[in-house]
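Here is run.txt, consisting of compact mmCIF, C-alpha atoms and all ligand atoms:
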# COMPACT_ATOMS: atom_id res chain seq x y z
CA MET A 4 -18.69 165.38 52.77
CA ALA A 5 -20.21 166.56 56.02
CA THR A 6 -23.64 168.16 55.91
CA ALA A 7 -22.14 171.29 57.42
CA ASP A 8 -20.15 171.74 54.18
CA VAL A 9 -23.40 172.02 52.27
CA LEU A 10 -24.44 174.96 54.44
CA ALA A 11 -21.59 177.26 53.50
CA GLN A 12 -22.89 178.63 50.23
CA PRO A 13 -21.98 182.22 49.49
CA GLY A 14 -24.37 184.26 47.36
CA LEU A 15 -27.49 182.21 48.10
CA PRO A 16 -30.66 183.68 49.60
CA LYS A 17 -30.40 184.42 53.33
CA GLN A 18 -32.50 182.22 55.57
CA HIS A 19 -34.96 184.35 57.53
CA PHE A 20 -36.73 181.65 59.51
CA ALA A 21 -34.13 180.75 62.09
CA PRO A 22 -35.27 182.67 65.23
CA ILE A 23 -38.91 181.59 64.89
CA ILE A 24 -38.14 177.95 64.37
CA LYS A 25 -35.52 177.87 67.09
CA GLY A 26 -38.07 179.21 69.54
CA THR A 27 -40.54 176.53 68.56
CA ALA A 28 -38.01 173.74 68.75
CA THR A 29 -36.44 174.51 72.08
CA LYS A 30 -39.59 175.44 74.04
CA ARG A 31 -41.04 171.99 73.61
CA LYS A 32 -39.61 169.19 75.69
CA LEU A 33 -39.55 166.27 73.33
CA GLU A 34 -41.42 163.21 74.49
CA THR A 35 -39.84 159.81 74.25
CA THR A 36 -40.66 158.93 70.69
CA LYS A 37 -43.09 156.07 70.34
CA THR A 38 -42.95 153.64 67.47
CA PHE A 39 -45.16 154.54 64.52
CA ASP A 40 -48.45 152.69 64.90
CA PRO A 41 -50.74 152.77 61.82
CA THR A 42 -53.86 152.22 63.96
CA GLN A 43 -53.02 155.29 66.03
CA HIS A 44 -51.16 157.56 63.61
CA LEU A 45 -52.86 157.04 60.26
CA ALA A 46 -56.18 158.75 59.46
CA PHE A 47 -56.30 157.74 55.81
CA GLU A 48 -59.19 158.85 53.62
CA GLN A 49 -59.37 158.19 49.88
CA PRO A 50 -58.66 161.24 47.70
CA GLU A 51 -61.78 162.61 46.00
CA SER A 52 -60.18 162.07 42.62
CA ILE A 53 -56.93 161.38 40.87
CA LEU A 54 -55.73 163.15 37.73
CA MET A 55 -54.27 160.77 35.16
CA MET A 56 -51.32 161.58 32.89
CA GLU A 57 -53.67 161.57 29.89
CA ASP A 58 -55.90 164.15 31.62
CA ILE A 59 -53.07 166.66 31.53
CA GLY A 60 -51.90 165.96 28.00
CA PHE A 61 -49.29 163.24 28.48
CA SER A 62 -49.30 159.65 27.23
CA LYS A 63 -50.25 157.10 29.89
CA ASP A 64 -46.91 155.38 29.22
CA THR A 65 -44.86 158.49 30.06
CA GLY A 66 -43.82 157.26 33.49
CA VAL A 67 -44.01 154.20 35.71
CA SER A 68 -47.79 154.55 36.15
CA PRO A 69 -50.70 156.23 34.31
CA VAL A 70 -51.34 158.39 37.43
CA ALA A 71 -50.31 162.08 37.40
CA VAL A 72 -51.41 163.64 40.69
CA SER A 73 -54.01 163.07 43.42
CA GLN A 74 -56.28 165.58 45.06
CA PRO A 75 -55.19 166.26 48.68
CA PHE A 76 -56.27 163.45 51.02
CA ARG A 77 -56.16 163.01 54.79
CA LEU A 78 -53.29 160.74 55.80
CA PHE A 79 -52.01 161.38 59.35
CA THR A 80 -53.57 162.11 62.75
CA PRO A 81 -52.78 165.40 64.54
CA GLU A 82 -50.71 163.45 67.10
CA CYS A 83 -48.63 161.96 64.29
CA ILE A 84 -48.02 165.38 62.71
CA GLN A 85 -46.91 166.71 66.12
CA LYS A 86 -44.43 163.84 66.43
CA PHE A 87 -43.10 164.54 62.93
CA ARG A 88 -42.66 168.20 63.90
CA ASP A 89 -40.93 167.34 67.17
CA GLU A 90 -38.33 165.28 65.35
CA VAL A 91 -37.91 167.59 62.34
CA LEU A 92 -37.62 170.78 64.40
CA SER A 93 -35.31 169.30 67.03
CA GLU A 94 -32.04 171.12 67.63
CA ALA A 95 -29.90 168.27 66.30
CA VAL A 96 -31.80 168.16 62.99
CA MET A 97 -32.00 171.93 62.57
CA SER A 98 -28.31 172.43 63.25
CA GLU A 99 -26.97 169.49 61.22
CA CYS A 100 -29.35 168.93 58.33
CA THR A 101 -30.47 172.36 57.03
CA VAL A 102 -29.58 173.21 53.43
CA LYS A 103 -30.47 175.88 50.90
CA SER A 104 -30.15 176.27 47.16
CA ASN A 105 -30.82 178.58 44.24
CA LEU A 106 -34.36 177.11 44.08
CA ALA A 107 -35.30 176.94 47.77
CA ALA A 108 -34.35 179.14 50.73
CA CYS A 109 -34.60 176.46 53.40
CA GLN A 110 -34.72 172.69 53.27
CA ILE A 111 -33.97 169.94 55.78
CA ARG A 112 -32.59 166.70 54.38
CA GLY A 113 -31.02 163.39 55.22
CA TYR A 114 -31.99 163.43 58.90
CA ALA A 115 -34.47 160.55 59.20
CA ALA A 116 -32.21 157.49 59.55
CA LYS A 117 -29.98 159.21 62.13
CA HIS A 118 -32.21 161.59 64.10
CA ALA A 119 -35.87 160.79 63.43
CA PRO A 120 -36.85 157.16 64.17
CA PHE A 121 -40.57 158.00 64.15
CA VAL A 122 -40.45 159.68 60.73
CA TYR A 123 -38.25 156.86 59.43
CA ASP A 124 -40.64 154.14 60.70
CA ALA A 125 -43.71 155.93 59.34
CA TRP A 126 -42.43 155.98 55.75
CA HIS A 127 -41.40 152.32 55.91
CA ASN A 128 -44.71 151.20 57.39
CA PRO A 129 -46.44 148.59 55.15
CA THR A 130 -49.94 150.02 55.73
CA LEU A 131 -48.84 153.52 54.78
CA LEU A 132 -46.95 152.20 51.73
CA SER A 133 -50.02 150.27 50.65
CA HIS A 134 -52.19 153.44 50.73
CA ILE A 135 -49.60 155.44 48.76
CA SER A 136 -49.11 152.60 46.25
CA LYS A 137 -52.84 152.23 45.57
CA ILE A 138 -53.12 155.94 44.80
CA ALA A 139 -49.98 155.86 42.62
CA GLY A 140 -51.21 152.82 40.70
CA VAL A 141 -47.93 150.95 41.26
CA ASP A 142 -46.29 149.32 44.32
CA LEU A 143 -43.82 151.84 45.72
CA ILE A 144 -41.06 151.96 48.34
CA PRO A 145 -39.07 154.97 49.59
CA ASN A 146 -36.44 155.75 46.98
CA MET A 147 -33.55 156.05 49.42
CA ASN A 148 -33.29 156.69 53.16
CA LEU A 149 -31.84 160.09 52.28
CA GLU A 150 -35.15 161.04 50.65
CA ILE A 151 -37.38 160.17 53.59
CA GLY A 152 -39.13 163.23 54.94
CA HIS A 153 -37.30 165.97 52.97
CA ILE A 154 -38.59 169.26 54.39
CA ASN A 155 -39.33 172.57 52.64
CA ILE A 156 -39.77 175.51 55.02
CA SER A 157 -41.11 179.01 54.64
CA VAL A 158 -41.64 180.95 57.87
CA LYS A 159 -42.70 184.54 58.55
CA SER A 160 -43.22 186.65 61.65
CA SER A 161 -46.75 187.13 63.06
CA ALA A 162 -46.64 190.79 61.96
CA GLN A 163 -45.68 189.86 58.41
CA ALA A 164 -48.44 187.22 58.20
CA ALA A 165 -51.04 189.68 59.64
CA SER A 166 -49.98 192.39 57.19
CA GLU A 167 -50.37 189.91 54.32
CA ARG A 168 -53.84 188.95 55.54
CA ALA A 169 -54.85 192.63 55.70
CA GLU A 170 -53.50 193.20 52.20
CA ILE A 171 -55.38 190.16 50.90
CA GLU A 172 -58.58 191.48 52.52
CA ARG A 173 -58.12 194.94 50.93
CA GLU A 174 -57.47 193.38 47.54
CA ARG A 175 -60.53 191.15 47.91
CA LYS A 176 -62.73 194.22 48.53
CA ASN A 177 -61.27 196.00 45.50
CA TYR A 178 -61.80 192.86 43.49
CA ASP A 179 -65.46 192.68 44.50
CA GLN A 180 -65.96 196.35 43.58
CA ASP A 181 -64.28 195.73 40.20
CA GLU A 182 -66.57 192.77 39.65
CA GLY A 183 -63.50 190.68 39.16
CA ILE A 184 -62.16 192.63 36.20
CA ALA A 185 -58.78 192.94 37.84
CA GLY A 186 -58.35 189.19 37.94
CA CYS A 187 -57.24 187.55 41.18
CA PRO A 188 -54.84 190.11 42.61
CA TRP A 189 -54.49 188.55 46.06
CA GLU A 190 -52.93 185.47 44.58
CA ASP A 191 -49.18 185.33 44.59
CA ASP A 192 -47.45 183.31 41.93
CA LYS A 193 -43.96 183.61 43.37
CA PRO A 194 -42.75 180.08 44.06
CA VAL A 195 -41.34 178.51 47.24
CA VAL A 196 -39.43 176.13 44.99
CA GLY A 197 -38.88 177.17 41.34
CA TRP A 198 -39.84 175.22 38.22
CA HIS A 199 -38.36 171.74 38.18
CA THR A 200 -39.01 168.07 37.65
CA ASP A 201 -38.26 165.74 40.56
CA SER A 202 -35.40 163.28 40.48
CA TYR A 203 -37.59 160.35 41.51
CA PRO A 204 -40.72 158.81 39.97
CA PHE A 205 -43.25 159.60 42.72
CA VAL A 206 -43.45 162.01 45.64
CA CYS A 207 -45.83 162.25 48.56
CA VAL A 208 -46.08 165.82 49.88
CA THR A 209 -47.49 166.12 53.42
CA MET A 210 -48.46 169.40 55.10
CA LEU A 211 -47.03 169.83 58.61
CA SER A 212 -48.41 173.36 59.19
CA ASP A 213 -51.77 174.73 60.22
CA CYS A 214 -53.08 176.32 57.01
CA GLU A 215 -55.74 178.53 58.62
CA GLY A 216 -55.71 181.93 56.94
CA MET A 217 -53.37 180.71 54.22
CA VAL A 218 -53.94 181.88 50.67
CA GLY A 219 -51.99 180.21 47.86
CA GLY A 220 -49.62 177.35 48.54
CA GLU A 221 -50.78 175.38 45.51
CA THR A 222 -48.61 173.31 43.21
CA ALA A 223 -48.48 174.65 39.65
CA LEU A 224 -48.11 172.01 36.93
CA ARG A 225 -46.97 172.53 33.36
CA THR A 226 -49.37 170.38 31.33
CA GLY A 227 -48.73 168.52 28.10
CA PHE A 228 -51.16 171.00 26.48
CA GLY A 229 -48.60 173.76 27.07
CA ASP A 230 -50.44 175.67 29.79
CA VAL A 231 -50.14 175.76 33.57
CA MET A 232 -52.69 174.44 36.01
CA LYS A 233 -52.82 174.74 39.78
CA VAL A 234 -53.46 171.82 42.09
CA ARG A 235 -54.79 172.62 45.56
CA GLY A 236 -52.21 172.22 48.32
CA PRO A 237 -52.88 169.86 51.25
CA GLU A 238 -54.06 171.00 54.70
CA MET A 239 -52.29 169.94 57.88
CA GLY A 240 -52.19 166.14 58.13
CA CYS A 241 -53.16 165.77 54.47
CA ALA A 242 -50.99 164.77 51.52
CA VAL A 243 -50.74 164.80 47.73
CA VAL A 244 -49.18 162.03 45.63
CA MET A 245 -47.62 163.07 42.31
CA GLN A 246 -45.52 161.54 39.54
CA GLY A 247 -43.16 164.51 39.77
CA ARG A 248 -40.33 163.00 37.70
CA TYR A 249 -42.34 163.52 34.53
CA ILE A 250 -44.31 166.69 35.27
CA THR A 251 -42.61 170.10 35.40
CA HIS A 252 -43.98 171.82 38.51
CA GLN A 253 -43.40 174.38 41.23
CA ALA A 254 -44.70 175.02 44.75
CA LEU A 255 -46.38 178.44 44.88
CA ARG A 256 -45.87 180.75 47.84
CA ALA A 257 -48.47 180.83 50.57
CA LEU A 258 -49.59 184.19 51.97
CA GLY A 259 -51.20 185.09 55.28
CA SER A 260 -49.86 182.28 57.43
CA LYS A 261 -46.84 182.26 59.70
CA GLU A 262 -45.30 179.09 58.44
CA ARG A 263 -45.55 176.54 55.68
CA ILE A 264 -43.65 173.33 56.35
CA THR A 265 -44.07 170.44 53.93
CA MET A 266 -42.60 166.96 54.17
CA VAL A 267 -41.69 165.39 50.83
CA THR A 268 -40.92 161.67 50.60
CA SER A 269 -39.77 160.24 47.26
CA PHE A 270 -40.56 156.78 45.96
CA ARG A 271 -39.54 154.27 43.29
CA PRO A 272 -41.23 151.07 42.11
CA LYS A 273 -40.87 148.22 44.61
CA SER A 274 -40.25 145.61 41.93
CA PRO A 275 -36.61 145.56 40.75
CA HIS A 276 -37.92 144.30 37.42
CA LEU A 277 -39.77 147.53 36.60
CA PRO A 278 -37.94 150.42 34.92
CA ASP A 279 -36.58 153.03 37.33
CA ASP A 280 -35.74 156.45 35.85
CA SER A 281 -34.47 157.94 39.11
CA VAL A 282 -31.74 160.53 38.61
CA LEU A 283 -29.75 162.70 41.01
CA SER A 284 -29.86 166.02 39.15
CA THR A 285 -31.99 167.96 41.64
CA VAL A 286 -30.38 166.54 44.78
CA ARG A 287 -26.61 166.33 44.17
CA GLY A 288 -26.05 169.95 45.16
CA ILE A 289 -28.07 169.74 48.37
CA SER A 290 -27.02 166.31 49.68
CA ASP A 291 -24.21 164.68 51.56
CA ILE A 292 -22.81 163.54 48.23
CA SER A 293 -20.90 160.47 49.49
CA GLU A 294 -24.02 159.22 51.25
CA LEU A 295 -26.18 159.94 48.18
CA TYR A 296 -23.82 158.02 45.85
CA TYR A 297 -23.66 155.12 48.33
CA GLU A 298 -27.44 154.73 48.53
CA TYR A 299 -28.02 155.25 44.79
CA ALA A 300 -25.28 152.84 43.67
CA ARG A 301 -26.31 150.26 46.28
CA TYR A 302 -29.95 150.01 45.29
CA ARG A 303 -29.17 150.12 41.55
CA LEU A 304 -26.69 147.25 41.98
CA GLU A 305 -29.23 145.39 44.12
CA MET A 306 -31.71 145.74 41.24
CA LEU A 307 -29.11 144.36 38.85
CA GLU A 308 -28.31 141.54 41.29
CA GLU A 309 -31.96 140.48 41.58
CA ARG A 310 -32.65 140.76 37.85
CA THR A 311 -29.48 138.71 37.13
CA ARG A 312 -30.45 136.07 39.69
CA VAL A 313 -33.86 135.58 38.04
CA GLN A 314 -32.40 135.57 34.52
CA LEU A 315 -29.69 133.07 35.50
CA LYS A 316 -32.24 130.75 37.10
CA SER A 317 -34.35 130.73 33.96
CA LEU A 318 -31.24 130.20 31.75
CA ARG A 319 -30.13 127.20 33.83
CA GLU A 320 -33.60 125.69 33.98
CA ALA A 321 -34.14 126.00 30.20
CA HIS A 322 -30.77 124.37 29.58
CA ALA A 323 -31.45 121.54 32.04
CA ALA A 324 -34.77 120.91 30.25
CA GLY A 325 -32.88 120.53 26.97
CA LYS A 326 -34.34 123.71 25.43
CA LYS A 327 -32.59 125.84 22.83
CA THR A 328 -31.00 128.95 24.38
CA ASP A 329 -33.29 131.97 23.88
CA GLU A 330 -30.77 134.36 22.33
CA LYS A 331 -33.36 137.10 21.68
CA GLY A 332 -34.51 137.05 25.30
CA MET A 333 -30.90 137.13 26.50
CA LYS A 334 -30.05 140.10 24.27
CA ALA A 335 -33.13 142.00 25.47
CA PHE A 336 -32.12 141.34 29.08
CA LEU A 337 -28.55 142.50 28.44
CA ALA A 338 -29.75 145.69 26.70
CA GLN A 339 -31.97 146.52 29.70
CA GLN A 340 -29.07 146.04 32.15
CA LYS A 341 -26.70 148.02 29.94
CA SER A 342 -29.14 150.92 30.10
CA LEU A 343 -29.46 150.62 33.90
CA LEU A 344 -25.67 150.67 34.30
CA GLU A 345 -25.17 153.52 31.83
CA ARG A 346 -27.75 155.70 33.60
CA THR A 347 -26.22 154.90 36.99
CA ASP A 348 -22.78 155.80 35.66
CA GLU A 349 -24.04 159.11 34.20
CA GLU A 350 -25.60 160.13 37.51
CA ILE A 351 -22.46 159.57 39.58
CA LEU A 352 -20.53 162.71 38.64
CA PRO A 353 -17.01 163.18 40.01
CA TYR A 354 -17.16 164.96 43.40
CA GLU A 355 -15.28 167.98 42.02
CA GLU A 356 -18.02 168.60 39.41
CA VAL A 357 -20.84 168.84 41.94
CA VAL A 358 -21.82 172.48 42.64
CA ARG A 359 -23.09 172.88 46.19
CA GLY A 360 -26.42 174.66 46.56
CA LYS A 361 -27.17 174.33 42.84
CA GLN A 362 -30.41 172.73 41.65
CA PRO A 363 -31.26 172.81 37.93
CA GLU A 364 -34.20 175.08 37.13
CA VAL A 365 -36.47 174.33 34.18
CA LYS A 366 -37.17 177.42 32.10
CA VAL A 367 -40.86 177.74 31.46
CA ASP A 368 -41.66 180.46 28.92
CA GLU A 369 -44.90 182.32 28.62
CA VAL A 370 -46.43 180.97 31.79
CA VAL A 371 -50.19 181.39 31.48
CA VAL A 372 -52.13 180.21 34.50
CA VAL A 373 -55.39 178.77 33.29
CA GLU A 374 -58.26 179.70 35.59
CA GLU A 375 -61.01 178.24 33.42
CA ASP A 376 -63.20 175.40 34.59
CA ARG A 377 -61.21 172.41 33.47
CA SER A 378 -64.02 169.94 33.84
CA GLN A 379 -64.45 169.80 30.05
CA ARG A 380 -60.82 168.94 29.50
CA VAL A 381 -60.40 166.57 32.41
CA THR A 382 -62.48 163.69 31.24
CA LYS A 383 -60.96 160.71 32.99
CA ARG A 384 -60.72 161.31 36.70
CA ALA A 385 -60.22 157.92 38.25
CA LYS A 386 -62.47 157.30 41.22
CA LEU A 387 -61.01 155.24 43.98
CA GLY A 388 -62.71 152.95 46.40
FE FE B 401 -40.94 168.78 43.19
Output the structure of this file as structure tokens.
Amino acid sequence: MATADVLAQPGLPKQHFAPIIKGTATKRKLETTKTFDPTQHLAFEQPESILMMEDIGFSKDTGVSPVAVSQPFRLFTPECIQKFRDEVLSEAVMSECTVKSNLAACQIRGYAAKHAPFVYDAWHNPTLLSHISKIAGVDLIPNMNLEIGHINISVKSSAQAASERAEIERERKNYDQDEGIAGCPWEDDKPVVGWHTDSYPFVCVTMLSDCEGMVGGETALRTGFGDVMKVRGPEMGCAVVMQGRYITHQALRALGSKERITMVTSFRPKSPHLPDDSVLSTVRGISDISELYYEYARYRLEMLEERTRVQLKSLREAHAAGKKTDEKGMKAFLAQQKSLLERTDEEILPYEEVVRGKQPEVKVDEVVVVEEDRSQRVTKRAKLG
């Protein structure tokens, strides 16, 4: 299916960003893209802290790592962010790779391998992957090429952003006069992307916009305690790493700034011997489905191939050494591969059953945003460094 097919989705929210972005993209003459150089384009700083799964009410064995989510940390230089933007907002990418769904008004997907060599190189760079892996607590690689640099966009006119800033200022004054009795009225809990869990174990969310004057833009997490907590969104050039497959979350709307463009890259464990719970539920409806099935089936079969190669080697060696065949070990291996194949089979739905523009939304009842100081509850913030 061509990407253009994904765009024709009657009844979905109208995109209102197009003129602003087009202006930005065409005014700039794109430089010849240089290769990603970690010494020039990375500005990595350790996150102040990392929230563990147990901190937010989940067992540490819930996912592929005990890590839940990091605080925002600096990752890229301004020059690198500009290069990302040049590639992402180029005419070819904007015209061929823009999609929308019931959960998000504007996304750009599946462009990196074809149109964005700099973005593609960055997310395959060993130094970058090592930083992300250390934060995640497990060695990670990009899940699929299709998931490199997924973009969520929200753009407003200058007038709209200024009017929001004025409104926020008015509300702040009223709030001060009320001594805070009215709560936090300038906050806006309407999401950019509705409640969901990600399809892949880990994501790294990078901010590509200048956040000056921005209010909101946090990620809201549904905790294992049954409440909702907000995690601060990253500033331009900064990123957040989260085990989004296992935590129901949503990106809250940002007010007072002209644009909010985030780059989301999804990861899976590097070792083919570790479990991989990746699914396709949130991405089938917004992807070139043939390409998605190709990449998913290929890497799952590669995992099976590598696991089988190792198992076969050990079977042959044990036999050559005159040992009794380990039937329990063999049955455990076969059960693990059966589960891998069954999950892969379940995720590859017939083409005719895939609804374009449809992403499953998780219903979260009685959403209560907890504003209390959580320092009492969060007892095990892992310090890095
Ligand atoms: Fe997400």
Selection as an NGL selection string: residues within 6 Å of ligand FE 401 (chain B) by only C-alpha atoms and all ligand atoms: :A and (200-201 or 247)
Ranking A:Ala164, A:Ala125, A:Ala107, A:Ala139 by minimum distance to A:Val70 and counting all atoms listed in the file, which one comes first?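 Among the listed residues, the smallest separation from A:Val70 belongs to A:Ala139.
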Just the number, please: distance in Å from atom CA of A:Ala115 to atom CA of A:Arg301, one decimal.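 Going from atom CA of A:Ala115 over to atom CA of A:Arg301, I get 18.4 Å.
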What does the distance from atom CA of A:Ser73 to atom CA of A:Met147 come to in Å, to one decimal? 22.4 Å
Show which residues sit within 8 Å of A:Arg248, as JSON, numbers by chain. Count only C-alpha atoms, and ignore same-chain residues fewer than 2 positions away. {"A": [66, 200, 201, 202, 203, 204, 205, 246, 250, 251, 281]}
Could the residues in this selection be written to a file with C-alpha atoms, as a PDB file, in the coordinates of the input?
ATOM      1  CA  GLY A  66     -43.820 157.260  33.490  1.00  0.00           C
ATOM      2  CA  THR A 200     -39.010 168.070  37.650  1.00  0.00           C
ATOM      3  CA  ASP A 201     -38.260 165.740  40.560  1.00  0.00           C
ATOM      4  CA  SER A 202     -35.400 163.280  40.480  1.00  0.00           C
ATOM      5  CA  TYR A 203     -37.590 160.350  41.510  1.00  0.00           C
ATOM      6  CA  PRO A 204     -40.720 158.810  39.970  1.00  0.00           C
ATOM      7  CA  PHE A 205     -43.250 159.600  42.720  1.00  0.00           C
ATOM      8  CA  GLN A 246     -45.520 161.540  39.540  1.00  0.00           C
ATOM      9  CA  ILE A 250     -44.310 166.690  35.270  1.00  0.00           C
ATOM     10  CA  THR A 251     -42.610 170.100  35.400  1.00  0.00           C
ATOM     11  CA  SER A 281     -34.470 157.940  39.110  1.00  0.00           C
TER      12      SER A 281
END
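Atom CA of A:Ile154 is found 24.8 Å from atom CA of A:Leu352.
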Neighbours of A:Tyr354 within 10 Å (only C-alpha atoms; same-chain residues fewer than 6 positions away dropped), as number ranges by chain? A: 4, 287, 292-293, 296
Spatial neighbours of A:His44, 9 Å, only C-alpha atoms, chain gap at least 2 places, as number ranges by chain: A: 39-42, 46, 78-84, 125
If we count all atoms listed in the file and set the cut-off at 8 Å, which residues sit around A:Ser284, ignoring sequence neighbours fewer than 2 positions away in its own chain? Please answer as a count of residues only. 7
